[in-house]
Every structure is written in C-alpha cells, then in structure tokens.
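As structure tokens, the structure follows; a few thoughts come after it.
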Amino acid sequence: MARLERIFLTLTGIALFVGVLAIVASVAVGGVHLPGPTGRVDPNAVRQTPPFSAPGVFPEAPGRYRAVLLARAWAFQPAEVRVPAGSIVTFVITSQDVIHGFMVEGTDVNAMVIPGQVTTVTAHFPRPGTYRFLCHEYCGVGHHAMFGQVVVEG
Ligand code: CUA
C-alpha cells in the first residue's frame, strides 16, 4: 500500500470515528433525538377529538403554556398565540386534511404536521415580539397564505 494511501485511509478512519462519536455524544449527552409522532388521532374525527375539538392556548404552569393548533388547508386555528415574555410554549398540532408544516421564526421549531399524527414541539420565548409561524410544506393553492403569529407580550 502506498504511503499516501495509508495516510488517507487513516485520516478517513479518524474522521469517521469522530463523526460517529459526535452522534453518540449528541444523543447520550445532548438529548438530541429524531422528531416522531407523539400521538395518534383519527383525522376524520379530529374536530370531535380532544384536545383538537377546542384548539387554543392554555396555561399549564407558571410560565408554561400549551398551544393546541389545528392545521388545515389553508389556515392554522387559532392563527394567533398570545403569551407573556419568558414563556415556554408547547405546541400540540395535527392536520385535518393534508400534510402541512409548522415553523416558528426566531426559534428552532420546524416540524411536519401529518394527518393522523400529533406533532408536539416546544419553544422558549424569552423576548417580547411577534414571531410568525407558517406552513413550510406545499399544501395547495392557498399554501402561501397559511401562517399565523405568536405574540409575546412584554
Ligand atoms: Cu399548509 Cu402549506
């Protein structure tokens, strides 16, 4: 084996090892995990099934809120989530028709909203402001109009 080849293979091996180590460390120490469905709901009966039968924003504990959102072509219900600054908001979302997306600007929330599945994502809003959320999955002619906002009050 040529010398350069050996060096190249060694470096590749080290890079692979470091990469795998980084993944293992992020899972074990950083708590990183793949997003997955956190529940199931019959998409045909979603409007009669709690909590989606009454979407809205609900206080859970001091500084903590649960925002139950229903996604449909082409709106989020409710389209506005209002919380005080410093809140931690858990969004619980499902779709009543087709696949939508849910992304909140200024946060790392970026999830799929799939009929039949319940998507749960959490975001912290330390500063007052208006944070738009939108559907980022093409869902038909009204896709571009499918958005809402989190209003964080100071
Ligand atoms: Cu809903 Cu795009």
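Residue numbering restarts at 1 for every chain of the structure tokens, chains are lettered A, B, ... in their displayed order, and ligands are numbered from 1 as they appear.
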Give me the residues within 7 Å of Phe52 of chain A as an mmCIF file with N, CA, C and O atoms, in the first residue's frame, counting only C-alpha atoms and dropping any in the same chain fewer than 4 places off.
data_model
loop_
_atom_site.group_PDB
_atom_site.id
_atom_site.type_symbol
_atom_site.label_atom_id
_atom_site.label_comp_id
_atom_site.auth_asym_id
_atom_site.auth_seq_id
_atom_site.Cartn_x
_atom_site.Cartn_y
_atom_site.Cartn_z
ATOM 1 N N VAL A 46 -61.187 14.460 13.883
ATOM 2 C CA VAL A 46 -60.296 15.315 14.670
ATOM 3 C C VAL A 46 -61.043 16.481 15.320
ATOM 4 O O VAL A 46 -60.724 16.896 16.427
ATOM 5 N N ARG A 47 -62.078 16.970 14.661
ATOM 6 C CA ARG A 47 -62.817 18.116 15.207
ATOM 7 C C ARG A 47 -63.666 17.731 16.418
ATOM 8 O O ARG A 47 -64.110 18.586 17.157
ATOM 9 N N VAL A 68 -52.726 24.400 21.528
ATOM 10 C CA VAL A 68 -53.305 23.335 20.706
ATOM 11 C C VAL A 68 -53.731 23.951 19.385
ATOM 12 O O VAL A 68 -54.572 24.846 19.352
ATOM 13 N N LEU A 70 -54.828 23.457 15.230
ATOM 14 C CA LEU A 70 -55.348 22.587 14.185
ATOM 15 C C LEU A 70 -54.944 23.186 12.841
ATOM 16 O O LEU A 70 -55.223 24.356 12.562
#
Enumerate, as an MDAnalysis selection string, the complete set of residues in chain A that a backbone-based DSSP assignment places in helix (DSSP H, G or I).
chainID A and resid 3:28 43:48 143:145
Could you write out that same residue set with N, CA and C atoms as an mmCIF file, in the first residue's frame?
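Written out: again.cif:
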data_model
loop_
_atom_site.group_PDB
_atom_site.id
_atom_site.type_symbol
_atom_site.label_atom_id
_atom_site.label_comp_id
_atom_site.auth_asym_id
_atom_site.auth_seq_id
_atom_site.Cartn_x
_atom_site.Cartn_y
_atom_site.Cartn_z
ATOM 1 N N ARG A 3 2.259 4.970 0.635
ATOM 2 C CA ARG A 3 2.303 5.719 1.894
ATOM 3 C C ARG A 3 1.149 6.730 1.979
ATOM 4 N N LEU A 4 0.936 7.459 0.869
ATOM 5 C CA LEU A 4 -0.134 8.460 0.859
ATOM 6 C C LEU A 4 -1.499 7.808 1.042
ATOM 7 N N GLU A 5 -1.619 6.611 0.444
ATOM 8 C CA GLU A 5 -2.877 5.872 0.553
ATOM 9 C C GLU A 5 -3.148 5.513 2.019
ATOM 10 N N ARG A 6 -2.083 5.084 2.696
ATOM 11 C CA ARG A 6 -2.215 4.696 4.102
ATOM 12 C C ARG A 6 -2.618 5.913 4.943
ATOM 13 N N ILE A 7 -1.957 7.034 4.675
ATOM 14 C CA ILE A 7 -2.283 8.271 5.408
ATOM 15 C C ILE A 7 -3.742 8.665 5.160
ATOM 16 N N PHE A 8 -4.137 8.572 3.887
ATOM 17 C CA PHE A 8 -5.514 8.945 3.525
ATOM 18 C C PHE A 8 -6.527 8.056 4.247
ATOM 19 N N LEU A 9 -6.258 6.734 4.238
ATOM 20 C CA LEU A 9 -7.173 5.802 4.898
ATOM 21 C C LEU A 9 -7.227 6.052 6.397
ATOM 22 N N THR A 10 -6.065 6.345 6.992
ATOM 23 C CA THR A 10 -6.021 6.608 8.429
ATOM 24 C C THR A 10 -6.845 7.846 8.772
ATOM 25 N N LEU A 11 -6.653 8.906 7.995
ATOM 26 C CA LEU A 11 -7.402 10.140 8.242
ATOM 27 C C LEU A 11 -8.903 9.922 8.063
ATOM 28 N N THR A 12 -9.259 9.138 7.037
ATOM 29 C CA THR A 12 -10.673 8.837 6.809
ATOM 30 C C THR A 12 -11.258 8.090 7.999
ATOM 31 N N GLY A 13 -10.467 7.112 8.494
ATOM 32 C CA GLY A 13 -10.904 6.341 9.657
ATOM 33 C C GLY A 13 -11.115 7.229 10.869
ATOM 34 N N ILE A 14 -10.183 8.140 11.100
ATOM 35 C CA ILE A 14 -10.294 9.054 12.241
ATOM 36 C C ILE A 14 -11.530 9.938 12.087
ATOM 37 N N ALA A 15 -11.737 10.462 10.865
ATOM 38 C CA ALA A 15 -12.890 11.336 10.620
ATOM 39 C C ALA A 15 -14.201 10.582 10.865
ATOM 40 N N LEU A 16 -14.265 9.343 10.396
ATOM 41 C CA LEU A 16 -15.462 8.516 10.614
ATOM 42 C C LEU A 16 -15.710 8.302 12.095
ATOM 43 N N PHE A 17 -14.607 7.982 12.817
ATOM 44 C CA PHE A 17 -14.712 7.711 14.243
ATOM 45 C C PHE A 17 -15.211 8.943 14.987
ATOM 46 N N VAL A 18 -14.642 10.106 14.648
ATOM 47 C CA VAL A 18 -15.051 11.364 15.300
ATOM 48 C C VAL A 18 -16.514 11.667 14.981
ATOM 49 N N GLY A 19 -16.920 11.401 13.740
ATOM 50 C CA GLY A 19 -18.301 11.649 13.347
ATOM 51 C C GLY A 19 -19.278 10.789 14.122
ATOM 52 N N VAL A 20 -18.971 9.485 14.220
ATOM 53 C CA VAL A 20 -19.843 8.571 14.974
ATOM 54 C C VAL A 20 -19.869 8.967 16.444
ATOM 55 N N LEU A 21 -18.689 9.346 16.962
ATOM 56 C CA LEU A 21 -18.595 9.767 18.363
ATOM 57 C C LEU A 21 -19.473 10.991 18.613
ATOM 58 N N ALA A 22 -19.486 11.929 17.657
ATOM 59 C CA ALA A 22 -20.294 13.148 17.793
ATOM 60 C C ALA A 22 -21.781 12.809 17.841
ATOM 61 N N ILE A 23 -22.191 11.844 17.007
ATOM 62 C CA ILE A 23 -23.606 11.434 17.000
ATOM 63 C C ILE A 23 -23.962 10.780 18.328
ATOM 64 N N VAL A 24 -23.104 9.849 18.769
ATOM 65 C CA VAL A 24 -23.357 9.149 20.031
ATOM 66 C C VAL A 24 -23.418 10.156 21.182
ATOM 67 N N ALA A 25 -22.485 11.114 21.187
ATOM 68 C CA ALA A 25 -22.435 12.098 22.267
ATOM 69 C C ALA A 25 -23.666 12.997 22.253
ATOM 70 N N SER A 26 -24.131 13.406 21.048
ATOM 71 C CA SER A 26 -25.286 14.297 20.985
ATOM 72 C C SER A 26 -26.549 13.584 21.454
ATOM 73 N N VAL A 27 -26.634 12.282 21.209
ATOM 74 C CA VAL A 27 -27.796 11.508 21.672
ATOM 75 C C VAL A 27 -27.705 11.276 23.179
ATOM 76 N N ALA A 28 -26.511 10.859 23.639
ATOM 77 C CA ALA A 28 -26.347 10.472 25.040
ATOM 78 C C ALA A 28 -26.301 11.685 25.962
ATOM 79 N N PRO A 43 -57.967 11.379 11.765
ATOM 80 C CA PRO A 43 -58.087 12.667 11.068
ATOM 81 C C PRO A 43 -59.518 12.985 10.651
ATOM 82 N N ASN A 44 -60.348 11.961 10.504
ATOM 83 C CA ASN A 44 -61.735 12.203 10.100
ATOM 84 C C ASN A 44 -62.605 12.675 11.260
ATOM 85 N N ALA A 45 -62.144 12.400 12.486
ATOM 86 C CA ALA A 45 -62.933 12.780 13.660
ATOM 87 C C ALA A 45 -62.194 13.810 14.499
ATOM 88 N N VAL A 46 -61.187 14.460 13.883
ATOM 89 C CA VAL A 46 -60.296 15.315 14.670
ATOM 90 C C VAL A 46 -61.043 16.481 15.320
ATOM 91 N N ARG A 47 -62.078 16.970 14.661
ATOM 92 C CA ARG A 47 -62.817 18.116 15.207
ATOM 93 C C ARG A 47 -63.666 17.731 16.418
ATOM 94 N N GLN A 48 -63.864 16.430 16.596
ATOM 95 C CA GLN A 48 -64.642 15.968 17.755
ATOM 96 C C GLN A 48 -63.727 15.368 18.824
ATOM 97 N N HIS A 143 -51.353 27.676 0.021
ATOM 98 C CA HIS A 143 -50.202 27.404 0.892
ATOM 99 C C HIS A 143 -49.522 28.678 1.402
ATOM 100 N N HIS A 144 -49.337 29.628 0.499
ATOM 101 C CA HIS A 144 -48.615 30.855 0.855
ATOM 102 C C HIS A 144 -49.380 31.697 1.872
ATOM 103 N N ALA A 145 -50.668 31.425 2.029
ATOM 104 C CA ALA A 145 -51.485 32.224 2.950
ATOM 105 C C ALA A 145 -51.643 31.531 4.303
#
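Compared by their closest atoms to ligand 1, and using only C-alpha atoms and all ligand atoms, the residues A:Val118, A:Ala67, A:Met103, A:Val151 rank with A:Met103 nearest.
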Output as CSV one row per residue of chain A within 9 Å of ligand 1: the closest atom pair and its distance in Å to one decimal place, counting only C-alpha atoms and all ligand atoms, sorted by chain and residue number ascending.
residue,atom,partner,partner_atom_place_in_ligand_line,distance
A:Ala71,CA,ligand 1,1 (Cu),7.1
A:Arg72,CA,ligand 1,1 (Cu),6.6
A:Ala73,CA,ligand 1,1 (Cu),5.7
A:Trp74,CA,ligand 1,1 (Cu),5.6
A:Ala75,CA,ligand 1,1 (Cu),7.1
A:Phe76,CA,ligand 1,1 (Cu),8.4
A:Ser95,CA,ligand 1,1 (Cu),8.9
A:Val98,CA,ligand 1,1 (Cu),7.7
A:Ile99,CA,ligand 1,1 (Cu),6.9
A:His100,CA,ligand 1,1 (Cu),4.1
A:Gly101,CA,ligand 1,1 (Cu),6.1
A:Phe102,CA,ligand 1,1 (Cu),8.3
A:Val113,CA,ligand 1,1 (Cu),8.6
A:Leu134,CA,ligand 1,2 (Cu),7.8
A:Cys135,CA,ligand 1,2 (Cu),4.5
A:His136,CA,ligand 1,2 (Cu),5.5
A:Glu137,CA,ligand 1,2 (Cu),4.5
A:Tyr138,CA,ligand 1,2 (Cu),4.2
A:Cys139,CA,ligand 1,2 (Cu),4.0
A:Gly140,CA,ligand 1,2 (Cu),6.6
A:Val141,CA,ligand 1,2 (Cu),8.6
A:Gly142,CA,ligand 1,2 (Cu),7.3
A:His143,CA,ligand 1,2 (Cu),3.9
A:His144,CA,ligand 1,2 (Cu),6.6
A:Ala145,CA,ligand 1,2 (Cu),8.1
A:Met146,CA,ligand 1,1 (Cu),5.7
A:Phe147,CA,ligand 1,1 (Cu),8.4
Go through A:Pro50, A:Phe91, A:Glu80, A:Gly86 one by one, measure the shortest atom-to-atom distance of each to Asn110 of chain A using only C-alpha atoms, and give the residue with the smallest value.
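Among the listed residues, the smallest separation from Asn110 of chain A belongs to A:Phe91.
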Rounded to one decimal in Å, what is the spacing between atom CA of Ile88 of chain A and atom CA of His124 of chain A?
4.4 Å
Can you work out which one of A:Glu153, A:Met112, A:Pro84, A:Thr38 has the shortest atom-to-atom distance to Arg64 of chain A, counting only C-alpha atoms?
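When distances to Arg64 of chain A are compared using only C-alpha atoms, the smallest one comes from A:Pro84.
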Using only C-alpha atoms, can you tell me which of A:Ser87, A:Gln77, A:Pro51, A:Gly116 comes closest to Phe133 of chain A?
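Of A:Ser87, A:Gln77, A:Pro51, A:Gly116, the one nearest Phe133 of chain A, counting only C-alpha atoms, is A:Gln77.
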Which residue of A:Pro115, A:Gly63, A:Pro55, A:Gly39 approaches Val83 of chain A most closely, using only C-alpha atoms:
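Distance minimum relative to Val83 of chain A lands on A:Gly63.
Nearest-residue note for Val121 of chain A: choosing from A:Val152, A:Val92, A:Leu69, A:Val41, the minimum distance belongs to A:Val92, counting only C-alpha atoms.
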Write down as a ChimeraX atom specification the residues belonging to chain A that are assigned strand (DSSP E) by DSSP computed on the backbone.
/A:39-40,56-61,64-72,75-77,80-84,87-95,100-104,110-113,117-125,129-134,147-153
How many Å lie between atom CA of Val81 of chain A and atom CA of Thr130 of chain A, rounded to one decimal?
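Result for atom CA of Val81 of chain A versus atom CA of Thr130 of chain A: 9.8 Å, one decimal.
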Kindly give the distance, in Å, that separates atom CA of Val32 of chain A and atom CA of Phe125 of chain A, rounded to a single decimal.
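Between atom CA of Val32 of chain A and atom CA of Phe125 of chain A the gap works out to 20.4 Å.
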